[in-house]
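Below is final.txt, which holds compact mmCIF, C-alpha atoms.
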# COMPACT_ATOMS: atom_id res chain seq x y z
CA MET A 917 207.99 121.69 -39.42
CA ALA A 918 208.35 118.12 -38.16
CA VAL A 919 205.87 117.02 -35.52
CA HIS A 920 207.43 116.42 -32.11
CA ARG A 921 207.45 112.69 -31.40
CA VAL A 922 206.62 111.48 -27.88
CA VAL A 923 207.41 107.83 -27.17
CA VAL A 924 205.81 106.25 -24.10
CA LEU A 925 207.64 103.18 -22.79
CA ALA A 926 205.20 100.80 -21.05
CA LEU A 927 206.99 98.38 -18.74
CA ASP A 928 205.57 95.21 -17.22
CA GLY A 929 203.10 96.07 -14.44
CA VAL A 930 202.42 99.58 -15.78
CA TYR A 931 199.70 101.62 -14.10
CA PRO A 932 196.95 102.21 -16.70
CA PHE A 933 196.02 105.74 -15.61
CA GLU A 934 199.56 107.08 -15.82
CA LEU A 935 200.13 105.21 -19.09
CA SER A 936 197.25 107.15 -20.65
CA ILE A 937 198.37 110.62 -19.52
CA PRO A 938 200.88 111.43 -22.31
CA VAL A 939 198.58 110.47 -25.18
CA ARG A 940 195.67 112.34 -23.56
CA ILE A 941 197.62 115.57 -23.01
CA PHE A 942 200.03 115.64 -25.95
CA GLY A 943 197.48 114.04 -28.27
CA THR A 944 195.02 116.85 -27.55
CA ALA A 945 197.46 119.67 -28.34
CA SER A 946 196.80 121.28 -31.71
CA GLY A 947 197.92 124.34 -33.64
CA PRO A 948 195.85 127.28 -34.94
CA ASP A 949 194.56 125.28 -37.91
CA GLY A 950 193.82 122.18 -35.85
CA GLU A 951 197.02 120.42 -36.87
CA PRO A 952 198.48 118.00 -34.28
CA LEU A 953 201.54 119.32 -32.49
CA TYR A 954 202.73 115.94 -31.22
CA GLU A 955 202.84 112.36 -32.43
CA VAL A 956 202.50 109.90 -29.53
CA LEU A 957 203.73 106.31 -29.89
CA THR A 958 203.29 103.77 -27.09
CA CYS A 959 205.72 100.89 -27.02
CA SER A 960 206.77 97.94 -24.92
CA LEU A 961 210.25 96.43 -24.77
CA ASP A 962 209.39 93.71 -27.28
CA GLY A 963 206.26 95.04 -28.99
CA ARG A 964 204.06 92.47 -27.27
CA PRO A 965 201.09 93.17 -24.95
CA VAL A 966 202.05 94.52 -21.53
CA ARG A 967 200.65 93.31 -18.23
CA THR A 968 199.24 96.20 -16.21
CA SER A 969 198.76 96.66 -12.47
CA ALA A 970 195.04 96.02 -13.07
CA ASP A 971 193.27 92.87 -14.25
CA PHE A 972 193.96 93.43 -17.93
CA ALA A 973 196.83 93.72 -20.38
CA VAL A 974 197.46 96.45 -22.94
CA ALA A 975 198.31 95.73 -26.57
CA VAL A 976 200.80 98.17 -28.11
CA GLU A 977 201.77 98.85 -31.71
CA HIS A 978 205.52 99.22 -31.27
CA GLY A 979 208.62 97.73 -29.69
CA SER A 980 211.56 99.57 -28.16
CA THR A 981 213.03 100.11 -31.63
CA VAL A 982 211.04 103.39 -31.69
CA VAL A 983 212.85 104.71 -28.58
CA PRO A 984 215.80 106.12 -30.63
CA THR A 985 213.29 108.10 -32.74
CA ALA A 986 211.84 109.92 -29.72
CA ASP A 987 212.08 113.66 -29.22
CA THR A 988 210.58 113.07 -25.77
CA LEU A 989 210.57 109.74 -23.92
CA VAL A 990 208.02 109.25 -21.14
CA ILE A 991 208.20 106.35 -18.66
CA PRO A 992 205.04 105.78 -16.58
CA PRO A 993 205.26 103.98 -13.20
CA PHE A 994 204.81 100.25 -12.79
CA THR A 995 204.58 97.67 -10.01
CA CYS A 996 207.07 94.85 -9.65
CA GLY A 997 207.14 93.33 -6.18
CA PRO A 998 208.41 94.47 -2.76
CA GLN A 999 210.18 97.82 -2.79
CA ASP A 1000 213.62 96.72 -1.63
CA ASP A 1001 213.65 93.69 -3.95
CA ARG A 1002 212.90 95.60 -7.13
CA VAL A 1003 215.40 95.63 -9.95
CA TRP A 1004 214.84 99.07 -11.39
CA LEU A 1005 217.05 98.70 -14.44
CA PRO A 1006 216.84 95.21 -15.97
CA GLU A 1007 219.14 94.70 -18.94
CA PRO A 1008 216.38 95.11 -21.59
CA VAL A 1009 215.37 98.47 -20.05
CA ALA A 1010 219.00 99.60 -19.87
CA ALA A 1011 219.44 98.62 -23.52
CA ALA A 1012 216.35 100.61 -24.53
CA LEU A 1013 217.58 103.73 -22.70
CA ALA A 1014 221.03 103.33 -24.20
CA GLY A 1015 219.41 103.85 -27.59
CA LEU A 1016 218.24 107.37 -26.78
CA ARG A 1017 219.58 110.06 -29.11
CA PRO A 1018 221.63 112.83 -27.43
CA GLY A 1019 219.34 115.68 -26.47
CA THR A 1020 216.22 113.52 -26.13
CA ARG A 1021 213.93 114.92 -23.45
CA THR A 1022 213.40 112.20 -20.85
CA VAL A 1023 210.42 112.20 -18.47
CA SER A 1024 209.41 109.98 -15.56
CA ILE A 1025 206.01 109.90 -13.89
CA CYS A 1026 205.76 108.97 -10.21
CA THR A 1027 208.07 106.09 -9.19
CA ALA A 1028 209.41 105.65 -12.72
CA SER A 1029 211.98 108.14 -11.42
CA TYR A 1030 213.71 105.06 -9.98
CA VAL A 1031 214.42 103.91 -13.55
CA LEU A 1032 216.01 107.21 -14.51
CA ALA A 1033 218.04 107.26 -11.30
CA ALA A 1034 219.22 103.68 -11.74
CA ALA A 1035 220.33 104.59 -15.27
CA GLY A 1036 222.41 107.46 -13.87
CA LEU A 1037 220.30 110.10 -15.62
CA LEU A 1038 219.51 111.90 -12.37
CA ASP A 1039 222.99 111.99 -10.83
CA GLY A 1040 223.66 115.49 -9.54
CA ARG A 1041 220.25 116.68 -10.72
CA PRO A 1042 217.18 117.87 -8.82
CA ALA A 1043 214.28 115.41 -9.07
CA THR A 1044 211.09 114.32 -7.39
CA THR A 1045 208.99 111.21 -6.95
CA HIS A 1046 205.88 110.20 -5.03
CA TRP A 1047 206.09 111.71 -1.53
CA ASN A 1048 205.52 108.31 0.08
CA GLU A 1049 208.66 106.95 -1.61
CA ALA A 1050 210.83 110.06 -1.35
CA ALA A 1051 212.83 109.03 1.72
CA HIS A 1052 213.56 105.57 0.31
CA PHE A 1053 214.41 107.08 -3.06
CA GLN A 1054 216.93 109.45 -1.46
CA ARG A 1055 218.59 106.60 0.45
CA ALA A 1056 218.75 104.46 -2.68
CA PHE A 1057 220.17 107.27 -4.83
CA PRO A 1058 222.14 109.68 -2.62
CA ASN A 1059 223.57 111.52 -5.65
CA VAL A 1060 220.10 112.76 -6.62
CA LYS A 1061 218.84 116.04 -5.15
CA VAL A 1062 215.36 114.89 -4.13
CA ASP A 1063 212.63 117.48 -3.55
CA PRO A 1064 209.64 115.67 -2.02
CA GLU A 1065 207.36 118.72 -1.89
CA VAL A 1066 206.95 119.72 -5.54
CA LEU A 1067 204.59 118.35 -8.17
CA PHE A 1068 207.31 118.10 -10.79
CA VAL A 1069 210.89 119.14 -11.51
CA ASP A 1070 212.01 120.55 -14.86
CA ASP A 1071 215.78 120.24 -15.18
CA GLY A 1072 215.98 120.89 -18.89
CA GLU A 1073 216.36 117.60 -20.74
CA VAL A 1074 215.37 115.47 -17.72
CA LEU A 1075 212.04 115.97 -15.96
CA THR A 1076 210.39 114.07 -13.11
CA ALA A 1077 206.81 114.17 -11.84
CA ALA A 1078 205.45 113.28 -8.44
CA GLY A 1079 202.66 110.78 -7.89
CA VAL A 1080 199.88 109.91 -10.33
CA ALA A 1081 198.07 113.08 -11.46
CA ALA A 1082 201.27 115.13 -11.18
CA GLY A 1083 202.03 113.50 -14.53
CA VAL A 1084 199.19 115.61 -15.94
CA ASP A 1085 200.77 118.73 -14.45
CA LEU A 1086 204.15 117.90 -15.98
CA CYS A 1087 202.80 117.06 -19.44
CA LEU A 1088 200.81 120.32 -19.47
CA HIS A 1089 203.97 122.13 -18.41
CA LEU A 1090 205.80 120.65 -21.38
CA VAL A 1091 203.04 121.74 -23.77
CA ARG A 1092 203.25 125.22 -22.23
CA ARG A 1093 207.04 125.18 -22.55
CA ASP A 1094 206.87 124.08 -26.19
CA HIS A 1095 203.91 126.12 -27.45
CA GLY A 1096 202.86 128.68 -24.83
CA SER A 1097 200.05 129.04 -22.33
CA GLU A 1098 197.27 129.52 -24.85
CA VAL A 1099 197.78 126.04 -26.30
CA ALA A 1100 198.32 124.45 -22.88
CA ASN A 1101 195.23 126.11 -21.44
CA ARG A 1102 193.14 124.86 -24.37
CA VAL A 1103 194.41 121.33 -23.76
CA ALA A 1104 193.57 121.65 -20.06
CA ARG A 1105 190.03 122.83 -20.83
CA LEU A 1106 189.42 119.98 -23.26
CA CYS A 1107 190.73 117.47 -20.71
CA VAL A 1108 188.73 119.18 -17.91
CA VAL A 1109 191.78 119.63 -15.67
CA PRO A 1110 193.30 122.81 -14.20
CA PRO A 1111 196.05 124.42 -16.33
CA TRP A 1112 198.24 124.40 -13.21
CA ARG A 1113 197.76 123.52 -9.57
CA GLU A 1114 198.78 125.57 -6.58
CA GLY A 1115 201.26 124.25 -4.06
CA GLY A 1116 203.08 120.96 -4.18
CA GLN A 1117 202.97 117.46 -2.77
CA ALA A 1118 202.96 118.82 0.77
CA GLN A 1119 199.22 119.39 0.47
CA PHE A 1120 198.68 115.66 -0.18
CA ILE A 1121 200.91 114.21 2.54
CA GLU A 1122 198.90 112.39 5.19
CA ARG A 1123 197.92 114.68 8.05
CA PRO A 1124 195.07 114.74 10.58
CA MET A 1125 192.04 116.27 8.91
CA PRO A 1126 190.92 119.65 10.31
CA GLU A 1127 187.68 119.92 12.17
CA PRO A 1128 184.71 120.43 9.82
CA ALA A 1129 183.97 123.82 11.33
CA ALA A 1130 187.55 125.07 10.95
CA ALA A 1131 188.03 128.08 8.70
CA THR A 1132 190.08 127.70 5.52
CA THR A 1133 192.18 130.13 3.52
CA SER A 1134 190.52 129.45 0.17
CA ALA A 1135 188.38 132.61 0.17
CA THR A 1136 191.42 134.72 0.99
CA ARG A 1137 193.41 133.10 -1.82
CA SER A 1138 190.61 133.94 -4.25
CA TRP A 1139 190.54 137.51 -2.96
CA ALA A 1140 194.32 137.86 -3.19
CA LEU A 1141 194.23 136.90 -6.87
CA THR A 1142 192.15 140.03 -7.51
CA GLN A 1143 194.73 142.20 -5.71
CA LEU A 1144 197.90 141.19 -7.56
CA HIS A 1145 198.33 144.69 -9.00
CA ARG A 1146 199.18 146.12 -5.57
CA PRO A 1147 201.23 145.18 -2.49
CA VAL A 1148 199.42 142.71 -0.23
CA SER A 1149 200.91 142.06 3.18
CA LEU A 1150 200.70 138.89 5.25
CA ALA A 1151 198.86 140.82 7.94
CA GLU A 1152 196.28 141.99 5.38
CA MET A 1153 195.72 138.44 4.16
CA ALA A 1154 195.36 137.18 7.72
CA GLY A 1155 192.93 140.01 8.47
CA HIS A 1156 190.84 139.11 5.43
CA ALA A 1157 190.69 135.50 6.69
CA ARG A 1158 189.86 136.74 10.22
CA MET A 1159 192.78 134.86 11.72
CA SER A 1160 195.93 135.80 13.53
CA VAL A 1161 199.03 135.94 11.35
CA ARG A 1162 200.44 132.86 13.04
CA THR A 1163 197.27 130.79 12.60
CA PHE A 1164 196.78 131.97 9.03
CA SER A 1165 200.38 131.14 8.07
CA ARG A 1166 200.15 127.65 9.55
CA ARG A 1167 196.79 126.87 8.00
CA PHE A 1168 197.82 128.31 4.62
CA ARG A 1169 200.92 126.11 4.48
CA ASP A 1170 198.89 123.04 5.51
CA GLU A 1171 196.35 123.65 2.73
CA VAL A 1172 198.58 124.87 -0.09
CA GLY A 1173 202.00 123.44 0.69
CA VAL A 1174 203.94 126.72 0.63
CA ALA A 1175 204.08 129.90 2.72
CA PRO A 1176 201.69 132.76 1.82
CA GLY A 1177 204.51 134.97 0.53
CA GLN A 1178 205.85 132.24 -1.75
CA TRP A 1179 202.38 131.53 -3.09
CA LEU A 1180 201.70 135.22 -3.75
CA THR A 1181 204.98 135.63 -5.64
CA ARG A 1182 204.17 132.55 -7.71
CA GLN A 1183 200.77 134.00 -8.66
CA ARG A 1184 202.41 137.28 -9.63
CA VAL A 1185 204.87 135.42 -11.86
CA GLU A 1186 202.02 133.50 -13.53
CA ARG A 1187 200.11 136.77 -14.05
CA ALA A 1188 203.19 138.32 -15.64
CA ARG A 1189 203.71 135.30 -17.89
CA ARG A 1190 200.14 135.49 -19.17
CA LEU A 1191 200.48 139.22 -19.89
CA LEU A 1192 203.80 138.71 -21.67
CA GLU A 1193 202.27 135.98 -23.82
CA THR A 1194 198.93 137.58 -24.63
CA THR A 1195 199.55 141.37 -24.71
CA ASP A 1196 202.02 143.90 -26.13
CA LEU A 1197 202.21 145.86 -22.88
CA PRO A 1198 205.69 147.24 -22.12
CA VAL A 1199 207.65 145.23 -19.56
CA ASP A 1200 207.34 147.97 -16.94
CA ARG A 1201 203.54 147.97 -17.36
CA VAL A 1202 203.45 144.17 -17.09
CA ALA A 1203 205.49 144.45 -13.89
CA ALA A 1204 203.02 146.97 -12.46
CA GLU A 1205 199.97 144.89 -13.43
CA ALA A 1206 201.49 141.80 -11.79
CA GLY A 1207 202.41 143.66 -8.61
CA PHE A 1208 206.19 143.66 -9.02
CA GLY A 1209 206.36 147.45 -9.20
CA THR A 1210 209.32 147.77 -11.55
CA GLY A 1211 210.64 146.02 -14.61
CA ALA A 1212 213.86 145.26 -12.71
CA SER A 1213 211.89 143.43 -10.00
CA LEU A 1214 209.97 141.45 -12.62
CA ARG A 1215 213.22 140.50 -14.38
CA GLN A 1216 214.68 139.31 -11.09
CA HIS A 1217 211.69 137.13 -10.19
CA LEU A 1218 211.12 135.74 -13.68
CA THR A 1219 214.79 134.87 -14.11
CA ALA A 1220 214.84 133.20 -10.69
CA THR A 1221 211.69 131.21 -11.50
CA ILE A 1222 212.19 130.09 -15.11
CA GLY A 1223 215.68 131.27 -15.99
CA VAL A 1224 214.89 133.88 -18.67
CA SER A 1225 214.23 137.61 -18.85
CA PRO A 1226 210.75 139.02 -19.62
CA THR A 1227 211.87 140.06 -23.12
CA ALA A 1228 213.30 136.62 -23.90
CA TYR A 1229 210.20 134.92 -22.48
CA ARG A 1230 207.88 137.05 -24.60
CA HIS A 1231 209.93 136.43 -27.73
CA THR A 1232 209.87 132.67 -27.19
CA PHE A 1233 206.25 132.17 -26.22
CA ARG A 1234 204.59 134.83 -28.36
CA THR A 1235 206.39 133.30 -31.34
CA GLY A 1236 205.72 129.73 -30.25
CA ALA A 1237 202.04 130.38 -29.63

This structure in structure tokens:
Amino acid sequence: MAVHRVVVLALDGVYPFELSIPVRIFGTASGPDGEPLYEVLTCSLDGRPVRTSADFAVAVEHGSTVVPTADTLVIPPFTCGPQDDRVWLPEPVAAALAGLRPGTRTVSICTASYVLAAAGLLDGRPATTHWNEAAHFQRAFPNVKVDPEVLFVDDGEVLTAAGVAAGVDLCLHLVRRDHGSEVANRVARLCVVPPWREGGQAQFIERPMPEPAAATTSATRSWALTQLHRPVSLAEMAGHARMSVRTFSRRFRDEVGVAPGQWLTRQRVERARRLLETTDLPVDRVAAEAGFGTGASLRQHLTATIGVSPTAYRHTFRTGA
């Protein structure tokens, strides 16, 4: 089977950290016999060294002629002057994107979403970008359905990540989508990053810091993860945290970025996904273990979350892994 080729397009002013994310994540992914699952090529528009946002340049091995060979194209963010004066799609960039083969998976990290939007690739699609730029991004591209609270958006062939380290989350998601959780989790362990992060960008938006003595919901979240096999009410979670329901709900959303009920459902879905990938338990048993009660409830939640039934998910990821 051909190795999936990831092409990373480094534009002038690229941020070095984000530039390194694809090769670090995809380059670490390997199969059962240690064989690489991805080939990562980094290119510039002309094959020459690229100025970065730091005090050094980066030499690359390829020019944009490799873009048409990509199975996945990743564009990291870059800096290029005042926000409102930026030209997000210079002619050479437009020409490079025009060379993409139909069906190529296209990914932006952080504010590189502006490039995809300027190219028309996000029209009518859901997308995200760094929370600090989200309002400006929505004004600049009103045809894009901007979600400023999530870490990344997977819309099939076009994916967008929020700021900086959300690029790690998105690349791990793609490894998980391509090869299953076992491979993605191994990559995460080797890179010493979490396989997934709770909540979204809302937890990083600037807010007044709580008083040092203020209680947090972290202990209750840890406890709730041990109770996924049974119904857990909001009142029970608040009681465990020794807070009123109102205070607990507010503090939980401030810390995690979503409401307690949404978070709990998300953890149940992740528990079900792991069981579907790693066990042969019947779907009804998986539903019970994950706290959904019935196979019908699990099917409803899994389809709403990732668009496939439990049986289809197991077939795809058990085979892929």

Query - Minimum-distance residue to Arg1189 of chain A, chosen among A:Pro1064, A:Pro992, A:Pro1226, A:Pro952 (using only C-alpha atoms) - result: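 Smallest separation from Arg1189 of chain A among the options: A:Pro1226.
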
Query raised in the report: Looking at A:Ala1034, A:Ile941, A:Met1159, A:Leu1144, which one is nearest to Ala1203 of chain A, with distances taken over all atoms listed in the file?
Result: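 Answer, going by the shortest atom-to-atom distance: A:Leu1144.
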
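Nearest to Asn1048 of chain A of all the residues A:Asp1085, A:Glu934, A:Glu1065, A:Glu1152 is A:Glu1065, counting all atoms listed in the file.
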
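Of note, atom CA of Arg1017 of chain A and atom CA of Pro984 of chain A are spaced 5.7 Å apart.
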
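Closest approach to Cys1026 of chain A from the set A:Arg1041, A:Val990, A:Gly1072, A:Gly1083 is made by A:Gly1083, with distances taken over only C-alpha atoms.
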